[in-house]
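Raw run_0.cif, mmCIF, C-alpha atoms:
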data_run
loop_
_atom_site.label_atom_id
_atom_site.label_comp_id
_atom_site.auth_asym_id
_atom_site.auth_seq_id
_atom_site.Cartn_x
_atom_site.Cartn_y
_atom_site.Cartn_z
CA ALA A 1 45.81 219.54 51.47
CA TRP A 2 44.71 222.39 53.77
CA ALA A 3 45.80 224.97 51.21
CA HIS A 4 43.88 223.12 48.49
CA ALA A 5 40.78 222.96 50.71
CA ALA A 6 41.08 226.64 51.63
CA SER A 7 41.35 227.72 47.99
CA SER A 8 38.21 225.63 47.27
CA HIS A 9 36.36 227.39 50.10
CA MET A 10 37.56 230.65 48.55
CA LEU A 11 35.96 229.72 45.22
CA HIS A 12 32.74 228.80 47.04
CA ALA A 13 32.71 232.28 48.55
CA LEU A 14 33.57 234.11 45.33
CA THR A 15 30.89 232.30 43.31
CA ASP A 16 28.42 232.09 46.22
CA ALA A 17 28.10 228.41 45.28
CA ASP A 18 27.61 228.90 41.52
CA GLN A 19 25.38 231.95 41.87
CA PRO A 20 27.77 234.91 41.47
CA GLU A 21 24.89 237.10 40.37
CA ALA A 22 23.80 237.11 44.02
CA GLY A 23 27.07 238.82 44.93
CA HIS A 24 30.53 237.83 46.10
CA ARG A 25 31.20 236.64 49.62
CA ILE A 26 34.34 237.23 51.66
CA LEU A 27 36.09 234.22 53.15
CA ILE A 28 37.15 234.74 56.76
CA ASN A 29 39.14 232.17 58.69
CA ASP A 30 37.95 231.26 62.17
CA ASP A 31 40.23 231.69 65.16
CA LYS A 32 40.35 228.02 66.10
CA LEU A 33 43.68 226.35 66.75
CA PHE A 34 45.58 225.53 63.55
CA PRO A 35 47.33 222.29 64.63
CA MET A 36 50.56 223.12 62.79
CA ALA A 37 50.70 226.48 64.60
CA LYS A 38 50.85 225.03 68.10
CA GLY A 39 53.45 226.92 70.09
CA CYS A 40 53.68 229.70 67.49
CA GLU A 41 56.33 232.26 68.42
CA HIS A 42 55.43 234.70 65.65
CA GLY A 43 51.71 235.28 66.08
CA PRO A 44 48.44 233.55 66.93
CA GLU A 45 48.08 229.76 66.90
CA THR A 46 46.07 229.98 63.68
CA ARG A 47 47.07 229.86 59.99
CA GLU A 48 48.06 233.50 60.45
CA CYS A 49 51.10 232.33 62.38
CA TYR A 50 52.59 231.61 58.95
CA PHE A 51 50.41 233.25 56.30
CA GLU A 52 48.93 236.66 55.62
CA PRO A 53 45.19 237.03 56.37
CA LEU A 54 42.82 236.12 53.54
CA THR A 55 41.06 239.46 54.05
CA ASN A 56 41.20 242.62 56.15
CA CYS A 57 37.76 241.75 57.53
CA LYS A 58 37.64 240.33 61.04
CA LEU A 59 35.45 237.82 62.85
CA SER A 60 34.00 240.80 64.70
CA ASP A 61 32.49 241.90 61.36
CA VAL A 62 30.31 238.79 61.00
CA ASP A 63 27.07 237.82 62.72
CA ASP A 64 27.83 235.69 65.77
CA TYR A 65 25.78 232.50 65.62
CA GLU A 66 26.14 231.92 69.36
CA THR A 67 24.36 235.16 70.30
CA ALA A 68 22.04 235.46 67.30
CA ASP A 69 18.29 234.91 67.45
CA PRO A 70 17.58 231.28 66.42
CA LYS A 71 15.04 232.65 63.93
CA SER A 72 17.47 235.13 62.46
CA THR A 73 17.57 235.32 58.66
CA LYS A 74 21.05 236.81 58.72
CA ILE A 75 22.84 233.55 59.53
CA LYS A 76 23.02 230.11 58.02
CA ILE A 77 25.15 227.25 59.33
CA LEU A 78 25.64 224.52 56.73
CA SER A 79 25.04 221.02 58.06
CA LYS A 80 27.02 219.59 55.14
CA PRO A 81 29.11 221.18 52.37
CA ASP A 82 26.56 220.74 49.56
CA GLU A 83 23.50 221.93 51.50
CA GLU A 84 21.50 224.62 49.69
CA TYR A 85 20.94 228.02 51.32
CA ASP A 86 19.27 231.37 50.79
CA ARG A 87 21.78 233.64 49.02
CA SER A 88 20.35 236.66 50.84
CA VAL A 89 21.81 235.36 54.13
CA ARG A 90 24.50 237.79 55.28
CA THR A 91 26.76 235.37 57.17
CA LEU A 92 27.31 231.79 56.03
CA TYR A 93 29.15 229.33 58.24
CA THR A 94 30.71 226.26 56.62
CA SER A 95 29.90 222.83 57.97
CA ASP A 96 32.16 220.99 60.39
CA SER A 97 32.95 218.49 57.63
CA ILE A 98 36.57 218.32 56.49
CA TRP A 99 35.29 218.56 52.91
CA PHE A 100 34.47 221.67 50.91
CA ARG A 101 31.65 222.49 48.53
CA LYS A 102 32.46 221.77 44.90
CA VAL A 103 31.40 224.49 42.50
CA LYS A 104 30.83 223.82 38.82
CA ASP A 105 31.65 227.17 37.24
CA MET A 106 34.63 228.05 39.39
CA TYR A 107 35.60 231.30 37.72
CA SER A 108 32.26 232.79 36.71
CA TRP A 109 32.81 235.52 39.32
CA THR A 110 35.62 237.01 37.21
CA GLY A 111 33.29 237.88 34.35
CA LEU A 112 35.99 236.87 31.89
CA GLY A 113 34.22 233.85 30.40
CA PHE A 114 36.71 231.13 31.22
CA ASN A 115 36.10 228.11 29.00
CA SER A 116 39.54 226.55 28.67
CA GLN A 117 41.74 224.42 30.88
CA HIS A 118 44.50 226.95 30.26
CA SER A 119 42.54 229.47 32.30
CA THR A 120 41.62 226.90 34.92
CA ILE A 121 45.21 225.99 35.77
CA HIS A 122 46.23 229.64 36.01
CA MET A 123 43.33 230.50 38.31
CA THR A 124 43.95 227.38 40.40
CA ALA A 125 47.61 228.29 40.84
CA ALA A 126 46.66 231.91 41.61
CA CYS A 127 44.30 230.79 44.40
CA LEU A 128 47.05 228.63 45.90
CA ALA A 129 49.61 231.43 45.59
CA TYR A 130 47.21 233.79 47.34
CA TYR A 131 46.80 231.34 50.20
CA PHE A 132 50.58 230.79 50.44
CA ARG A 133 51.45 234.49 51.00
CA VAL A 134 53.84 233.97 53.90
CA LYS A 135 54.56 236.32 56.77
CA PRO A 136 57.83 238.33 56.57
CA TRP A 137 59.62 236.18 59.17
CA LEU A 138 58.83 233.00 57.24
CA ARG A 139 59.73 234.60 53.89
CA LYS A 140 63.13 235.48 55.34
CA GLU A 141 63.62 231.91 56.60
CA ILE A 142 62.69 230.37 53.24
CA ASP A 143 64.92 232.82 51.37
CA GLU A 144 67.91 231.92 53.55
CA ARG A 145 67.31 228.21 52.98
CA LEU A 146 66.98 228.66 49.22
CA ARG A 147 70.22 230.64 49.03
CA ARG A 148 71.92 227.85 50.96
CA ASN A 149 70.50 225.03 48.83
CA ILE A 150 70.29 226.27 45.24
CA PRO A 151 73.60 226.44 43.31
CA LEU A 152 74.15 229.75 41.54
CA ASP A 153 74.73 228.00 38.21
CA LEU A 154 71.60 225.80 38.31
CA ASN A 155 69.75 225.83 34.98
CA PRO A 156 66.05 225.03 35.53
CA GLN A 157 65.69 223.87 31.92
CA ARG A 158 68.18 221.09 32.67
CA THR A 159 66.77 220.02 36.02
CA ILE A 160 64.53 217.16 37.18
CA GLY A 161 62.36 217.51 40.28
CA VAL A 162 61.64 214.39 42.33
CA PRO A 163 59.33 215.24 45.26
CA ILE A 164 58.91 211.86 46.95
CA ARG A 165 55.73 211.62 49.02
CA ARG A 166 55.71 208.50 51.20
CA SER A 167 55.48 207.88 54.98
CA ASP A 168 51.83 208.28 56.09
CA LYS A 169 50.67 208.25 52.46
CA CYS A 170 51.63 204.58 52.12
CA HIS A 171 49.88 201.44 53.29
CA GLY A 172 51.79 199.89 56.18
CA HIS A 173 52.83 203.20 57.71
CA ALA A 174 52.96 202.76 61.48
CA LEU A 175 54.21 205.91 63.15
CA GLU A 176 52.54 206.90 66.41
CA GLY A 177 50.49 210.07 66.08
CA SER A 178 50.40 209.85 62.27
CA ALA A 179 47.97 208.54 59.65
CA SER A 180 48.11 204.82 58.81
CA GLY A 181 48.45 205.12 55.03
CA GLU A 182 45.99 205.28 52.15
CA LEU A 183 47.65 203.89 49.01
CA GLU A 184 50.32 201.62 47.58
CA CYS A 185 53.21 204.01 47.11
CA PRO A 186 55.28 203.56 43.93
CA PRO A 187 58.64 201.83 44.53
CA LEU A 188 61.74 204.00 44.40
CA GLU A 189 62.92 201.99 41.40
CA GLU A 190 59.97 203.43 39.47
CA TYR A 191 61.18 206.97 40.24
CA LEU A 192 64.64 205.99 38.98
CA LYS A 193 63.20 204.47 35.81
CA LYS A 194 61.45 207.72 34.91
CA VAL A 195 64.53 209.81 35.71
CA LYS A 196 66.46 207.65 33.22
CA GLU A 197 63.71 208.15 30.62
CA PHE A 198 64.00 211.91 31.04
CA LEU A 199 67.77 211.65 30.55
CA ALA A 200 67.24 209.67 27.35
CA PHE A 201 64.76 212.33 26.17
CA ASP A 202 67.03 215.24 27.06
CA PRO A 203 70.75 214.34 27.43
CA ARG A 204 71.49 217.92 28.52
CA ILE A 205 69.90 217.35 31.93
CA GLU A 206 72.44 218.13 34.65
CA ASN A 207 70.59 218.27 37.97
CA VAL A 208 68.02 216.45 40.04
CA ILE A 209 66.25 218.03 43.02
CA VAL A 210 65.26 215.37 45.55
CA THR A 211 63.00 216.16 48.50
CA SER A 212 60.82 214.11 50.82
CA GLU A 213 59.23 214.23 54.25
CA ASP A 214 60.41 210.62 54.58
CA LYS A 215 64.10 210.64 55.52
CA SER A 216 64.72 206.92 54.95
CA ALA A 217 63.10 206.98 51.49
CA CYS A 218 65.10 210.08 50.56
CA GLU A 219 68.40 208.56 51.69
CA GLU A 220 67.66 205.29 49.90
CA PHE A 221 66.84 207.09 46.65
CA LEU A 222 70.01 209.19 46.91
CA GLU A 223 72.05 205.99 47.24
CA ILE A 224 70.34 204.58 44.14
CA LEU A 225 71.05 207.76 42.18
CA ASN A 226 74.69 207.82 43.25
CA LYS A 227 75.10 204.25 42.08
CA GLU A 228 73.07 204.35 38.87
CA LEU A 229 73.55 207.96 37.72
CA PRO A 230 76.71 209.33 39.35
CA SER A 231 77.09 212.14 36.80
CA LEU A 232 73.87 213.86 37.90
CA ARG A 233 74.26 216.69 40.39
CA VAL A 234 71.90 216.07 43.29
CA ILE A 235 70.35 219.05 45.07
CA GLN A 236 68.78 218.52 48.49
CA ASN A 237 66.81 220.60 50.96
CA ILE A 238 69.55 220.94 53.55
CA GLY A 239 67.98 221.51 56.96
CA ASP A 240 64.72 219.78 56.07
CA VAL A 241 63.11 218.36 59.23
CA GLN A 242 61.91 215.27 57.31
CA GLN A 243 59.45 214.49 60.07
CA GLY A 244 58.40 211.12 58.64
CA THR A 245 54.79 212.13 58.00
CA GLY A 246 52.93 214.61 55.86
CA SER A 247 51.68 216.51 58.88
CA GLY A 248 53.19 218.70 61.53
CA SER A 249 50.08 218.69 63.70
CA LYS A 250 51.45 216.16 66.17
CA LEU A 251 55.13 216.87 65.75
CA GLU A 252 55.96 216.01 69.34
CA ALA A 253 54.94 212.42 68.60
CA TYR A 254 57.62 211.77 66.03
CA THR A 255 60.38 214.38 65.75
CA GLU A 256 62.41 215.22 68.80
CA GLY A 257 63.76 218.74 69.07
CA SER A 258 61.91 220.17 66.06
CA SER A 259 59.17 222.75 65.91
CA ASN A 260 56.05 223.08 63.79
CA ALA A 261 57.55 226.24 62.29
CA GLN A 262 60.55 224.24 61.06
CA VAL A 263 58.24 221.72 59.39
CA VAL A 264 56.31 224.46 57.57
CA ALA A 265 59.54 226.23 56.55
CA SER A 266 60.99 222.92 55.32
CA ALA A 267 57.92 222.07 53.24
CA LEU A 268 57.62 225.49 51.64
CA THR A 269 61.36 225.54 50.92
CA SER A 270 60.95 222.23 49.06
CA LEU A 271 58.04 223.74 47.10
CA HIS A 272 60.16 226.73 46.04
CA MET A 273 63.14 224.53 45.20
CA HIS A 274 61.04 222.52 42.77
CA MET A 275 60.04 225.73 40.99
CA ARG A 276 63.60 225.46 39.60
CA ALA A 277 62.87 222.23 37.67
CA ARG A 278 61.39 221.51 34.25
CA TYR A 279 60.92 217.74 34.47
CA PHE A 280 59.04 216.00 37.30
CA VAL A 281 58.58 212.47 38.58
CA LEU A 282 55.75 212.33 41.10
CA THR A 283 52.43 210.78 42.08
CA SER A 284 49.27 212.84 41.63
CA LYS A 285 47.62 210.79 44.39
CA SER A 286 49.42 213.22 46.66
CA THR A 287 47.80 216.66 46.77
CA TRP A 288 51.18 218.05 47.85
CA THR A 289 53.17 216.81 44.85
CA SER A 290 50.29 217.75 42.54
CA THR A 291 50.45 221.27 43.99
CA ILE A 292 54.17 221.41 43.19
CA ALA A 293 53.51 220.49 39.55
CA VAL A 294 50.60 222.93 39.14
CA MET A 295 52.59 225.79 40.67
CA ALA A 296 55.67 224.95 38.56
CA ARG A 297 53.60 225.08 35.37
CA VAL A 298 52.43 228.61 36.15
CA TYR A 299 55.09 230.17 38.38
CA GLY A 300 58.16 228.01 37.75
CA PHE A 301 61.45 229.20 36.27
CA ALA A 302 61.45 226.65 33.43
CA SER A 303 59.30 226.58 30.32
CA GLU A 304 57.25 223.63 29.01
CA VAL A 305 57.09 221.59 32.21
CA ILE A 306 56.80 217.83 31.66
CA VAL A 307 55.49 215.41 34.30
CA PHE A 308 55.77 211.64 34.69
CA ASP A 309 52.90 210.62 36.98
CA ILE A 310 53.81 207.23 38.44
CA GLY A 311 50.77 207.07 40.73
CA PRO A 312 47.96 208.73 38.80
CA ASN A 313 44.82 210.02 40.44
CA LYS A 314 41.54 210.63 38.60
CA ASN A 315 40.41 214.17 39.35
CA THR A 316 40.73 217.62 37.82
CA PHE A 317 43.59 218.73 40.06
CA ALA A 318 45.61 215.61 39.20
CA HIS A 319 44.95 216.21 35.51
CA LEU A 320 46.23 219.78 35.79
CA ALA A 321 49.36 218.53 37.50
CA ARG A 322 49.90 215.80 34.94
CA ARG A 323 48.94 217.58 31.72
CA GLY A 324 48.64 221.26 32.46
CA CYS A 325 46.42 223.10 29.99
CA ALA A 326 46.73 220.37 27.32
#

Can the structure from this file be put into structure tokens for me?
Amino acid sequence: AWAHAASSHMLHALTDADQPEAGHRILINDDKLFPMAKGCEHGPETRECYFEPLTNCKLSDVDDYETADPKSTKIKILSKPDEEYDRSVRTLYTSDSIWFRKVKDMYSWTGLGFNSQHSTIHMTAACLAYYFRVKPWLRKEIDERLRRNIPLDLNPQRTIGVPIRRSDKCHGHALEGSASGELECPPLEEYLKKVKEFLAFDPRIENVIVTSEDKSACEEFLEILNKELPSLRVIQNIGDVQQGTGSGSKLEAYTEGSSNAQVVASALTSLHMHMRARYFVLTSKSTWTSTIAVMARVYGFASEVIVFDIGPNKNTFAHLARRGCA
């Protein structure tokens, strides 16, 4: 979700809130604590613990609102994401809201005249890929995990991806330090049903990649697969922390002996593993699993990605995950 929000802030900056003729802004991250970077051993406790900077510009390059003249015309601090502002302002600070400003013509800044959903999904994936440019130490960690988990003979065209998002996403979740749930998560039997439908559609399918932050749900689904579809080769994210929540911001509350870095490495390894699948069973009510589908459509190893959405959401990002450029 934070990557999705950051890429949306990026589009706000690039379009200057639907007025690209005023010029393009540069998005600079603040230096506040990034919760998932607490205790970072590889850099600052910001997003740059894990990811490359969004720009070479620094906070020292912007106008400091704390020392600026209250009447200054160089600075504007948004009170809410959709507040209007003078485009001549040099430094624009986003609001403290967790939400981002929605822009209508997201890619007008490119000058390429994007009018099709085909272009939209490619630009959306490109923004996410730009945000996810990992630091060398994390790239090395993910590469080692992928080499350990992905069989050399895996054929992406014959592989199903099942990224199960549960735990704090589901009503009834009661883990201390985690969210309490926001939707009725699809039963595991529904995932199995769609896997079987894919097998009926394409009998050549050989593999299924199963990942989840919820260890119990993952283990239960693996048992179901072993019983119902024993001929399928199951590929797992070996070494996944499976912290039992979608966040690593309060890891000490629910996973003993693990670090935030291990959670981030685990999640990004799962993302890269699913780039090796053509067929997907997921819920687009999860921004994370929607991100997997969008990225697989643009950067995946298989062609003509097909998605079964068993928990559909009603927004543009969910549509891109579910249908792609169709």

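Computed from the coordinates, the CA of Ile160 in chain A to CA of Glu141 in chain A distance equals 24.4 Å.
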
*Compare A:Ile209, A:Met123, A:Met36, A:Leu192 by their minimum atom-to-atom distance to Asn260 in chain A, counting all atoms listed in the file, and give me the closest one.*
A:Met36

Kindly list the centre and edge lengths in Å, rounded to one decimal, for the axis-aligned box that covers all listed atoms of range 264-279 of chain A plus 4 Å on each of its six sides, as AutoDock Vina command-line options.
--center_x 60.0 --center_y 222.2 --center_z 45.9 --size_x 15.3 --size_y 17.0 --size_z 31.3

Spatial neighbours of Ser212 in chain A, max dist 10 Å, only C-alpha atoms, sep filter under 4 positions, as a JSON list (two decimals) with C-alpha atoms, keeping the file's coordinate frame:
[["chain", "number", "residue", "atom", "x", "y", "z"],
["A", 162, "VAL", "CA", 61.64, 214.39, 42.33],
["A", 163, "PRO", "CA", 59.33, 215.24, 45.26],
["A", 164, "ILE", "CA", 58.91, 211.86, 46.95],
["A", 165, "ARG", "CA", 55.73, 211.62, 49.02],
["A", 166, "ARG", "CA", 55.71, 208.50, 51.20],
["A", 167, "SER", "CA", 55.48, 207.88, 54.98],
["A", 216, "SER", "CA", 64.72, 206.92, 54.95],
["A", 217, "ALA", "CA", 63.10, 206.98, 51.49],
["A", 218, "CYS", "CA", 65.10, 210.08, 50.56],
["A", 219, "GLU", "CA", 68.40, 208.56, 51.69],
["A", 236, "GLN", "CA", 68.78, 218.52, 48.49],
["A", 237, "ASN", "CA", 66.81, 220.60, 50.96],
["A", 240, "ASP", "CA", 64.72, 219.78, 56.07],
["A", 241, "VAL", "CA", 63.11, 218.36, 59.23],
["A", 242, "GLN", "CA", 61.91, 215.27, 57.31],
["A", 243, "GLN", "CA", 59.45, 214.49, 60.07],
["A", 244, "GLY", "CA", 58.40, 211.12, 58.64],
["A", 245, "THR", "CA", 54.79, 212.13, 58.00],
["A", 246, "GLY", "CA", 52.93, 214.61, 55.86],
["A", 266, "SER", "CA", 60.99, 222.92, 55.32],
["A", 267, "ALA", "CA", 57.92, 222.07, 53.24],
["A", 270, "SER", "CA", 60.95, 222.23, 49.06]]

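On the file presented, the PyMOL selection byres ((chain A and resi 297) around 9) picks out A:Ile121, A:His122, A:Ala125, A:Met275, A:Arg278, A:Ile292, A:Ala293, A:Val294, A:Met295, A:Ala296, A:Val298, A:Tyr299, A:Gly300, A:Phe301, A:Ala302, A:Ser303, A:Glu304, A:Val305, A:Ile306, A:Ala321, A:Gly324.
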
*Can you give me, as an MDAnalysis selection string, the residues this file yields under the PyMOL selection byres ((chain A and resi 157) around 7)?*
chainID A and resid 155:156 158:159 277:278 302

_Selection near range 40-51 of chain A, 8 Å with only C-alpha atoms, sequence-local residues under 6 positions removed, as a VMD selection string_ = chain A and resid 31 to 34 131 to 135 137 to 138 260 to 261

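Picture a line from CA of Ile235 in chain A to CA of Ile205 in chain A; it runs 13.3 Å.
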
Mind rebuilding range 186-205 of chain A with N, CA, C and O atoms and writing that out as a JSON list (two decimals), in the coordinates of the input?
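Just written: selection11.json:
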[["chain", "number", "residue", "atom", "x", "y", "z"],
["A", 186, "PRO", "N", 54.41, 204.09, 44.98],
["A", 186, "PRO", "CA", 55.28, 203.56, 43.93],
["A", 186, "PRO", "C", 56.67, 203.25, 44.49],
["A", 186, "PRO", "O", 57.20, 204.01, 45.32],
["A", 187, "PRO", "N", 57.29, 202.15, 44.07],
["A", 187, "PRO", "CA", 58.64, 201.83, 44.53],
["A", 187, "PRO", "C", 59.65, 202.86, 44.04],
["A", 187, "PRO", "O", 59.44, 203.50, 43.00],
["A", 188, "LEU", "N", 60.73, 203.01, 44.77],
["A", 188, "LEU", "CA", 61.74, 204.00, 44.40],
["A", 188, "LEU", "C", 62.36, 203.67, 43.05],
["A", 188, "LEU", "O", 62.81, 204.57, 42.32],
["A", 189, "GLU", "N", 62.39, 202.40, 42.70],
["A", 189, "GLU", "CA", 62.92, 201.99, 41.40],
["A", 189, "GLU", "C", 62.11, 202.60, 40.25],
["A", 189, "GLU", "O", 62.65, 202.85, 39.16],
["A", 190, "GLU", "N", 60.81, 202.84, 40.50],
["A", 190, "GLU", "CA", 59.97, 203.43, 39.47],
["A", 190, "GLU", "C", 60.35, 204.91, 39.26],
["A", 190, "GLU", "O", 60.35, 205.41, 38.13],
["A", 191, "TYR", "N", 60.69, 205.59, 40.36],
["A", 191, "TYR", "CA", 61.18, 206.97, 40.24],
["A", 191, "TYR", "C", 62.46, 206.98, 39.41],
["A", 191, "TYR", "O", 62.64, 207.83, 38.52],
["A", 192, "LEU", "N", 63.37, 206.06, 39.71],
["A", 192, "LEU", "CA", 64.64, 205.99, 38.98],
["A", 192, "LEU", "C", 64.41, 205.72, 37.49],
["A", 192, "LEU", "O", 65.05, 206.34, 36.63],
["A", 193, "LYS", "N", 63.49, 204.82, 37.20],
["A", 193, "LYS", "CA", 63.20, 204.47, 35.81],
["A", 193, "LYS", "C", 62.78, 205.71, 35.03],
["A", 193, "LYS", "O", 63.24, 205.93, 33.89],
["A", 194, "LYS", "N", 61.94, 206.53, 35.62],
["A", 194, "LYS", "CA", 61.45, 207.72, 34.91],
["A", 194, "LYS", "C", 62.53, 208.79, 34.81],
["A", 194, "LYS", "O", 62.57, 209.54, 33.82],
["A", 195, "VAL", "N", 63.40, 208.88, 35.80],
["A", 195, "VAL", "CA", 64.53, 209.81, 35.71],
["A", 195, "VAL", "C", 65.40, 209.42, 34.51],
["A", 195, "VAL", "O", 65.84, 210.28, 33.73],
["A", 196, "LYS", "N", 65.65, 208.13, 34.35],
["A", 196, "LYS", "CA", 66.46, 207.65, 33.22],
["A", 196, "LYS", "C", 65.77, 207.96, 31.89],
["A", 196, "LYS", "O", 66.44, 208.29, 30.90],
["A", 197, "GLU", "N", 64.44, 207.85, 31.86],
["A", 197, "GLU", "CA", 63.71, 208.15, 30.62],
["A", 197, "GLU", "C", 63.83, 209.64, 30.28],
["A", 197, "GLU", "O", 63.93, 210.00, 29.10],
["A", 198, "PHE", "N", 63.81, 210.48, 31.28],
["A", 198, "PHE", "CA", 64.00, 211.91, 31.04],
["A", 198, "PHE", "C", 65.40, 212.16, 30.48],
["A", 198, "PHE", "O", 65.59, 212.98, 29.58],
["A", 199, "LEU", "N", 66.40, 211.47, 31.02],
["A", 199, "LEU", "CA", 67.77, 211.65, 30.55],
["A", 199, "LEU", "C", 67.92, 211.19, 29.10],
["A", 199, "LEU", "O", 68.66, 211.80, 28.32],
["A", 200, "ALA", "N", 67.20, 210.14, 28.74],
["A", 200, "ALA", "CA", 67.24, 209.67, 27.35],
["A", 200, "ALA", "C", 66.55, 210.68, 26.43],
["A", 200, "ALA", "O", 66.98, 210.90, 25.30],
["A", 201, "PHE", "N", 65.50, 211.33, 26.95],
["A", 201, "PHE", "CA", 64.76, 212.33, 26.17],
["A", 201, "PHE", "C", 65.57, 213.61, 26.01],
["A", 201, "PHE", "O", 65.57, 214.23, 24.95],
["A", 202, "ASP", "N", 66.26, 214.00, 27.08],
["A", 202, "ASP", "CA", 67.03, 215.24, 27.06],
["A", 202, "ASP", "C", 68.41, 215.00, 27.70],
["A", 202, "ASP", "O", 68.58, 215.13, 28.91],
["A", 203, "PRO", "N", 69.40, 214.64, 26.91],
["A", 203, "PRO", "CA", 70.75, 214.34, 27.43],
["A", 203, "PRO", "C", 71.43, 215.54, 28.09],
["A", 203, "PRO", "O", 72.46, 215.37, 28.74],
["A", 204, "ARG", "N", 70.87, 216.73, 27.92],
["A", 204, "ARG", "CA", 71.49, 217.92, 28.52],
["A", 204, "ARG", "C", 71.16, 218.08, 30.00],
["A", 204, "ARG", "O", 71.69, 218.98, 30.66],
["A", 205, "ILE", "N", 70.29, 217.24, 30.52],
["A", 205, "ILE", "CA", 69.90, 217.35, 31.93],
["A", 205, "ILE", "C", 71.13, 217.19, 32.81],
["A", 205, "ILE", "O", 71.94, 216.27, 32.63]]
